Amino acid sequence: MLSTLEPQLDGFTGSVITPDSPDYEAAARTPLLPSTPALVLRPRDVADVQRAVRAAAASGLAVAVRGGGHSFAGLGTVDEGIVIDLRALDSIEVLDGDRVRIGGGATWGAVVQALTPHGLAISSGDTASVGVGGLTLSGGIGWMVRSHGLTLDHLVSAEVVTAAGEVVTASTVSHPDLFWALRGGGGGLAVVTSFELQAERLSTVTFGTLTFPATEAAQVVTGWAEHLRTAPRELTSAVRLANPFAGGVDAPVEVTVAAIGGDADSLIDPLRALGTLQSDTVTVQPYGEVLEEGHVLPPGIRLAVRSGFVPPESVGDAVAEVVAIAVAPQPAAIVLNSIGGAVADVGPHDTAFAHRRAELMVTTFCGGPAPAFDGIRAGLDGVWARLAPHTEGAYANFLDGSSPEARASVHPEGTRRRLEEIRAEYDPQALFARRSAS
């Protein structure tokens with residue numbers, strides 16, 4: 001196959017990795033999934049990305065674009081197809097006006113380290129090894145989300161390579177429809193080679209975790225949700241229950257908090273008073289130290305991940321159902337993320353991320369060895385049968401590809417239609433849509 005693509009790859013200066021290459025196994029898999037692509041292309045610059053896209057189009061094979069490779073749904077790799085791996089496009093440049101230009105292959109850990117000396121931060125996720133591209137294109141829910149919104153809300157412009165191999169800049173004034181789609185469309189329309197984002201002046205955050213006994217889950221989680229409904233947006237928080245690696249039904253309730261500003265105790269103290277406080281690790285920290293390192297799954301272990309958003313009218317019922325699920329045997333760790341705040345400042349039709357009304361996001365994580373995975377997934381389906389009446393939609397960054405219905409619900413029907421219209425203009429052959437979700 002490689003010989004048939006040589007005309008399109010003429011002048012390609014990056015790495016061309018085939019199944020016969022010594023580094024194929026490492027290049028083929030992502031941190032979360034093994035895979036067997038026919039070819040992995042690692043461009044060094046934008047011109048290389050153009051050559052890679054033209055070669056992929058000529059091949060007729062499915063194409064996956066990889067930034068950090070942390071897609072639970074496996075969108076950073078594809079069996080028997082072509083992976084365009086952007087890891088070499090990882091530059092980070094601070095511009096005038098606290099704007100930052102970031103390469104499509106950069107990770108958030110590198111971005112944080114580059115911005116910290118400037119006293120800057122960008123609302124991002126919670127994991128250092130996650131790619132800037134995948135997170136930004138689907139949303140960006142992390143420890144600044146209530147105070148500063150989604151990552152994509154800070155996107156000023158994006159340099160992209162289209163399916164035709166052309167380089168364009170998308171912004172509110174140049175290719176505005178494409179720019180709309182890039183902010184929440186989840187990718188699959190073009191290859192983003194760099195992002196220009198507006199950073200915030202921020203150096204420290206009051207951050208840590210409060211733990212309470214599992215027996216107090218109902219009062220703690222209910223009180224947590226009530227507090228976050230009216231708390232100032234300077235407070236962002238998440239709750240983890242039923243962690244199977246910490247005792248399952250007996251696992252402590254973990255309330256992680258991130259408060260921005262000088263009066264953090266007034267925001268956090270009501271949470272400390274929700275129950276019997278077992279531990280309190282909350283301290284003032286540099287923002288650059290609060291992101292976790294990502295994990296690489298051991299061979300043979302698979303993950304099942306599902307998510308949904310909770311609108312204001314369903315918060316009480318959703319929280320009650322989450323607690324009822326968590327105190328009974330079931331396979332998943334359950335996480336509730338507070339949203340609202342600055343996320344709701346943007347209209348539901350202003351970007352392709354439409355879930356602006358949501359006050360909470362529910363996510364379930366479970367995993368196990370491949371032979372037992374079907375049973376684990378069936379258990380997770382049972383959990384979501386109970387959560388479904390109280391949730392809507394799904395977060396593209398927290399899907400494992402197990403449910404076509406969940407994937408379809410990432411975007412409401414009107415958003416999906418507009419995304420398809422934009423795809424027809426920029427990628428009429430659906431080059432970037434022919435991706436595996438397994």
# chains A, B, ... in the order shown; residues from 1 in each chain; ligands from 1
>>> residues_around(residues="range 382-395 of chain A", least_positions_apart="5", cutoff="7 Å", atoms="only C-alpha atoms", output="PDB file with N, CA and C atoms, in the first residue's frame")
ATOM      1  N   SER A 307     -21.618   8.985  29.867  1.00  0.00           N
ATOM      2  CA  SER A 307     -21.832  10.285  30.478  1.00  0.00           C
ATOM      3  C   SER A 307     -23.184  10.844  30.064  1.00  0.00           C
ATOM      4  N   GLY A 308     -23.658  11.805  30.827  1.00  0.00           N
ATOM      5  CA  GLY A 308     -24.891  12.502  30.507  1.00  0.00           C
ATOM      6  C   GLY A 308     -24.969  13.795  31.292  1.00  0.00           C
ATOM      7  N   PHE A 309     -25.726  14.751  30.777  1.00  0.00           N
ATOM      8  CA  PHE A 309     -25.879  16.049  31.423  1.00  0.00           C
ATOM      9  C   PHE A 309     -27.201  16.119  32.169  1.00  0.00           C
ATOM     10  N   VAL A 310     -27.197  16.851  33.281  1.00  0.00           N
ATOM     11  CA  VAL A 310     -28.388  16.984  34.117  1.00  0.00           C
ATOM     12  C   VAL A 310     -28.895  18.422  34.017  1.00  0.00           C
ATOM     13  N   SER A 314     -33.936  18.565  36.733  1.00  0.00           N
ATOM     14  CA  SER A 314     -33.740  17.149  37.069  1.00  0.00           C
ATOM     15  C   SER A 314     -32.677  16.932  38.141  1.00  0.00           C
ATOM     16  N   ASP A 317     -33.786  14.747  41.351  1.00  0.00           N
ATOM     17  CA  ASP A 317     -34.036  13.339  41.028  1.00  0.00           C
ATOM     18  C   ASP A 317     -32.756  12.632  40.597  1.00  0.00           C
ATOM     19  N   ALA A 318     -31.918  13.323  39.836  1.00  0.00           N
ATOM     20  CA  ALA A 318     -30.673  12.707  39.374  1.00  0.00           C
ATOM     21  C   ALA A 318     -29.751  12.395  40.551  1.00  0.00           C
ATOM     22  N   GLU A 321     -31.019   9.407  42.465  1.00  0.00           N
ATOM     23  CA  GLU A 321     -30.777   8.154  41.746  1.00  0.00           C
ATOM     24  C   GLU A 321     -29.308   7.762  41.802  1.00  0.00           C
ATOM     25  N   ALA A 406     -25.894   6.698  22.722  1.00  0.00           N
ATOM     26  CA  ALA A 406     -25.145   7.699  23.479  1.00  0.00           C
ATOM     27  C   ALA A 406     -24.325   8.576  22.547  1.00  0.00           C
ATOM     28  N   SER A 409     -26.451  11.091  20.888  1.00  0.00           N
ATOM     29  CA  SER A 409     -27.015  12.117  21.749  1.00  0.00           C
ATOM     30  C   SER A 409     -26.016  13.195  22.135  1.00  0.00           C
ATOM     31  N   VAL A 410     -24.763  13.085  21.686  1.00  0.00           N
ATOM     32  CA  VAL A 410     -23.789  14.139  21.970  1.00  0.00           C
ATOM     33  C   VAL A 410     -24.308  15.474  21.463  1.00  0.00           C
ATOM     34  N   HIS A 411     -24.946  15.468  20.292  1.00  0.00           N
ATOM     35  CA  HIS A 411     -25.462  16.704  19.705  1.00  0.00           C
ATOM     36  C   HIS A 411     -26.966  16.588  19.492  1.00  0.00           C
TER      37      HIS A 411
END
>>> residues_around(residues="Ile141 in chain A", least_positions_apart="3", cutoff="10 Å", atoms="only C-alpha atoms", output="list of chain:residue names")
A:Ser123, A:Ser124, A:Gly125, A:Asp126, A:Leu135, A:Thr136, A:Ser138, A:Met144, A:Val145, A:Arg146, A:Gly149, A:Leu150, A:Thr151, A:Leu152, A:Asn337, A:Ser338, A:Ile339, A:Val343, A:Met361, A:Tyr395, A:Asn397
>>> residues_around(residues="Thr13 in chain A", least_positions_apart="2", cutoff="12 Å", atoms="only C-alpha atoms", output="PDB file with C-alpha atoms, in the first residue's frame")
ATOM      1  CA  LEU A   9       3.913  11.621   0.317  1.00  0.00           C
ATOM      2  CA  ASP A  10       6.644  13.075  -1.901  1.00  0.00           C
ATOM      3  CA  GLY A  11       8.564  15.525   0.284  1.00  0.00           C
ATOM      4  CA  SER A  15       7.878   9.515  10.229  1.00  0.00           C
ATOM      5  CA  VAL A  16       6.137   6.840   8.182  1.00  0.00           C
ATOM      6  CA  LEU A  41       2.018   9.134   9.670  1.00  0.00           C
ATOM      7  CA  ARG A  42       3.723  11.598  12.020  1.00  0.00           C
ATOM      8  CA  PRO A  43       4.043  14.928  10.219  1.00  0.00           C
ATOM      9  CA  ARG A  44       6.661  17.444  11.333  1.00  0.00           C
ATOM     10  CA  ASP A  45       4.921  20.591  10.100  1.00  0.00           C
ATOM     11  CA  VAL A  46       1.790  21.884   8.401  1.00  0.00           C
ATOM     12  CA  ALA A  47       3.102  21.027   4.926  1.00  0.00           C
ATOM     13  CA  ASP A  48       3.564  17.459   6.091  1.00  0.00           C
ATOM     14  CA  VAL A  49      -0.018  17.419   7.380  1.00  0.00           C
ATOM     15  CA  GLN A  50      -1.184  18.478   3.922  1.00  0.00           C
ATOM     16  CA  ARG A  51       0.768  15.612   2.352  1.00  0.00           C
ATOM     17  CA  ALA A  52      -0.600  13.170   4.934  1.00  0.00           C
ATOM     18  CA  ALA A  88       5.411  16.701  16.617  1.00  0.00           C
TER      19      ALA A  88
END
>>> select_by_dssp(residues="range 155-341 of chain A", states="strand (DSSP E)", output="MDAnalysis selection string")
chainID A and resid 155:161 167:170 191:198 200:201 204:212 235:241 253:259 279:280 283:286 301:310 333:338
>>> residues_around(residues="range 348-355 of chain A", least_positions_apart="5", cutoff="8 Å", atoms="only C-alpha atoms", output="list in words")
Ser138, Gly139, Trp180, Ala181, Leu182, Arg183, Gly184, Gly185, Phe309, Gly393, His411, Pro412, Thr415 and Leu419 of chain A
>>> decode(residues="range 167-270 of chain A", atoms="C-alpha atoms", output="JSON list (two decimals), in the first residue's frame")
[["chain", "number", "residue", "atom", "x", "y", "z"],
["A", 167, "VAL", "CA", -4.72, 25.35, 4.83],
["A", 168, "VAL", "CA", -7.33, 27.79, 6.15],
["A", 169, "THR", "CA", -7.82, 29.83, 9.31],
["A", 170, "ALA", "CA", -11.21, 29.51, 10.98],
["A", 171, "SER", "CA", -12.51, 32.31, 13.20],
["A", 172, "THR", "CA", -15.57, 34.49, 13.63],
["A", 173, "VAL", "CA", -14.58, 36.45, 10.50],
["A", 174, "SER", "CA", -12.92, 33.75, 8.39],
["A", 175, "HIS", "CA", -14.77, 30.50, 7.67],
["A", 176, "PRO", "CA", -17.21, 31.24, 10.52],
["A", 177, "ASP", "CA", -19.32, 28.12, 9.94],
["A", 178, "LEU", "CA", -16.28, 25.90, 10.29],
["A", 179, "PHE", "CA", -15.26, 27.85, 13.40],
["A", 180, "TRP", "CA", -18.72, 27.22, 14.89],
["A", 181, "ALA", "CA", -18.36, 23.50, 14.19],
["A", 182, "LEU", "CA", -14.88, 23.26, 15.67],
["A", 183, "ARG", "CA", -16.20, 24.55, 19.00],
["A", 184, "GLY", "CA", -17.94, 21.40, 20.20],
["A", 185, "GLY", "CA", -18.30, 19.39, 17.02],
["A", 186, "GLY", "CA", -15.81, 16.84, 18.34],
["A", 187, "GLY", "CA", -13.47, 17.00, 15.37],
["A", 188, "GLY", "CA", -14.04, 14.91, 12.27],
["A", 189, "LEU", "CA", -14.23, 17.90, 9.92],
["A", 190, "ALA", "CA", -10.58, 18.85, 9.35],
["A", 191, "VAL", "CA", -7.13, 18.52, 10.93],
["A", 192, "VAL", "CA", -6.47, 21.35, 13.38],
["A", 193, "THR", "CA", -2.77, 22.12, 13.24],
["A", 194, "SER", "CA", -2.84, 24.98, 15.77],
["A", 195, "PHE", "CA", -5.22, 26.68, 18.17],
["A", 196, "GLU", "CA", -5.15, 30.29, 19.28],
["A", 197, "LEU", "CA", -6.74, 30.61, 22.71],
["A", 198, "GLN", "CA", -7.35, 33.46, 25.12],
["A", 199, "ALA", "CA", -5.63, 32.76, 28.44],
["A", 200, "GLU", "CA", -6.61, 34.11, 31.87],
["A", 201, "ARG", "CA", -4.48, 35.79, 34.51],
["A", 202, "LEU", "CA", -4.26, 33.05, 37.14],
["A", 203, "SER", "CA", -1.37, 31.66, 39.15],
["A", 204, "THR", "CA", -2.85, 29.80, 42.13],
["A", 205, "VAL", "CA", -6.02, 27.90, 42.98],
["A", 206, "THR", "CA", -7.35, 26.55, 46.29],
["A", 207, "PHE", "CA", -7.57, 22.87, 45.48],
["A", 208, "GLY", "CA", -7.92, 19.49, 47.18],
["A", 209, "THR", "CA", -10.27, 16.72, 48.24],
["A", 210, "LEU", "CA", -12.63, 16.30, 51.20],
["A", 211, "THR", "CA", -13.62, 12.72, 52.08],
["A", 212, "PHE", "CA", -16.69, 11.50, 53.95],
["A", 213, "PRO", "CA", -17.93, 8.00, 54.95],
["A", 214, "ALA", "CA", -19.86, 6.06, 52.34],
["A", 215, "THR", "CA", -22.70, 5.71, 54.87],
["A", 216, "GLU", "CA", -23.24, 9.48, 54.61],
["A", 217, "ALA", "CA", -23.43, 9.56, 50.82],
["A", 218, "ALA", "CA", -27.05, 10.71, 50.66],
["A", 219, "GLN", "CA", -26.64, 13.75, 52.88],
["A", 220, "VAL", "CA", -23.22, 14.70, 51.49],
["A", 221, "VAL", "CA", -24.10, 14.46, 47.80],
["A", 222, "THR", "CA", -27.50, 16.10, 48.23],
["A", 223, "GLY", "CA", -25.96, 18.95, 50.23],
["A", 224, "TRP", "CA", -23.13, 19.27, 47.72],
["A", 225, "ALA", "CA", -25.54, 19.64, 44.81],
["A", 226, "GLU", "CA", -27.66, 22.19, 46.67],
["A", 227, "HIS", "CA", -24.59, 24.26, 47.56],
["A", 228, "LEU", "CA", -23.26, 24.27, 44.01],
["A", 229, "ARG", "CA", -26.61, 25.44, 42.65],
["A", 230, "THR", "CA", -26.19, 28.80, 44.38],
["A", 231, "ALA", "CA", -22.43, 28.99, 45.01],
["A", 232, "PRO", "CA", -20.46, 31.74, 43.27],
["A", 233, "ARG", "CA", -18.91, 30.64, 40.02],
["A", 234, "GLU", "CA", -15.44, 30.93, 41.56],
["A", 235, "LEU", "CA", -16.08, 27.44, 42.98],
["A", 236, "THR", "CA", -15.91, 24.34, 40.77],
["A", 237, "SER", "CA", -16.30, 20.88, 42.30],
["A", 238, "ALA", "CA", -16.73, 17.19, 41.56],
["A", 239, "VAL", "CA", -17.89, 14.22, 43.63],
["A", 240, "ARG", "CA", -16.70, 10.62, 43.21],
["A", 241, "LEU", "CA", -18.69, 7.70, 44.66],
["A", 242, "ALA", "CA", -18.46, 3.91, 44.68],
["A", 243, "ASN", "CA", -14.89, 3.79, 43.39],
["A", 244, "PRO", "CA", -14.34, 0.04, 42.83],
["A", 245, "PHE", "CA", -10.61, 0.47, 43.53],
["A", 246, "ALA", "CA", -11.34, 2.02, 46.93],
["A", 247, "GLY", "CA", -13.99, -0.36, 48.24],
["A", 248, "GLY", "CA", -16.96, -0.04, 45.89],
["A", 249, "VAL", "CA", -20.07, 0.52, 47.99],
["A", 250, "ASP", "CA", -17.81, 1.14, 51.00],
["A", 251, "ALA", "CA", -15.56, 3.65, 49.22],
["A", 252, "PRO", "CA", -15.50, 7.10, 50.81],
["A", 253, "VAL", "CA", -17.34, 9.95, 49.15],
["A", 254, "GLU", "CA", -14.65, 12.18, 47.63],
["A", 255, "VAL", "CA", -15.49, 15.86, 47.10],
["A", 256, "THR", "CA", -12.80, 17.63, 45.08],
["A", 257, "VAL", "CA", -12.89, 21.43, 45.08],
["A", 258, "ALA", "CA", -11.18, 24.17, 43.08],
["A", 259, "ALA", "CA", -11.75, 27.74, 44.21],
["A", 260, "ILE", "CA", -10.37, 30.84, 42.51],
["A", 261, "GLY", "CA", -9.91, 34.08, 44.43],
["A", 262, "GLY", "CA", -8.95, 35.14, 47.92],
["A", 263, "ASP", "CA", -12.09, 34.10, 49.85],
["A", 264, "ALA", "CA", -11.94, 30.39, 49.12],
["A", 265, "ASP", "CA", -12.81, 29.24, 52.65],
["A", 266, "SER", "CA", -16.21, 30.88, 52.49],
["A", 267, "LEU", "CA", -16.92, 28.85, 49.36],
["A", 268, "ILE", "CA", -15.58, 25.54, 50.67],
["A", 269, "ASP", "CA", -16.53, 25.58, 54.38],
["A", 270, "PRO", "CA", -20.20, 24.71, 53.70]]
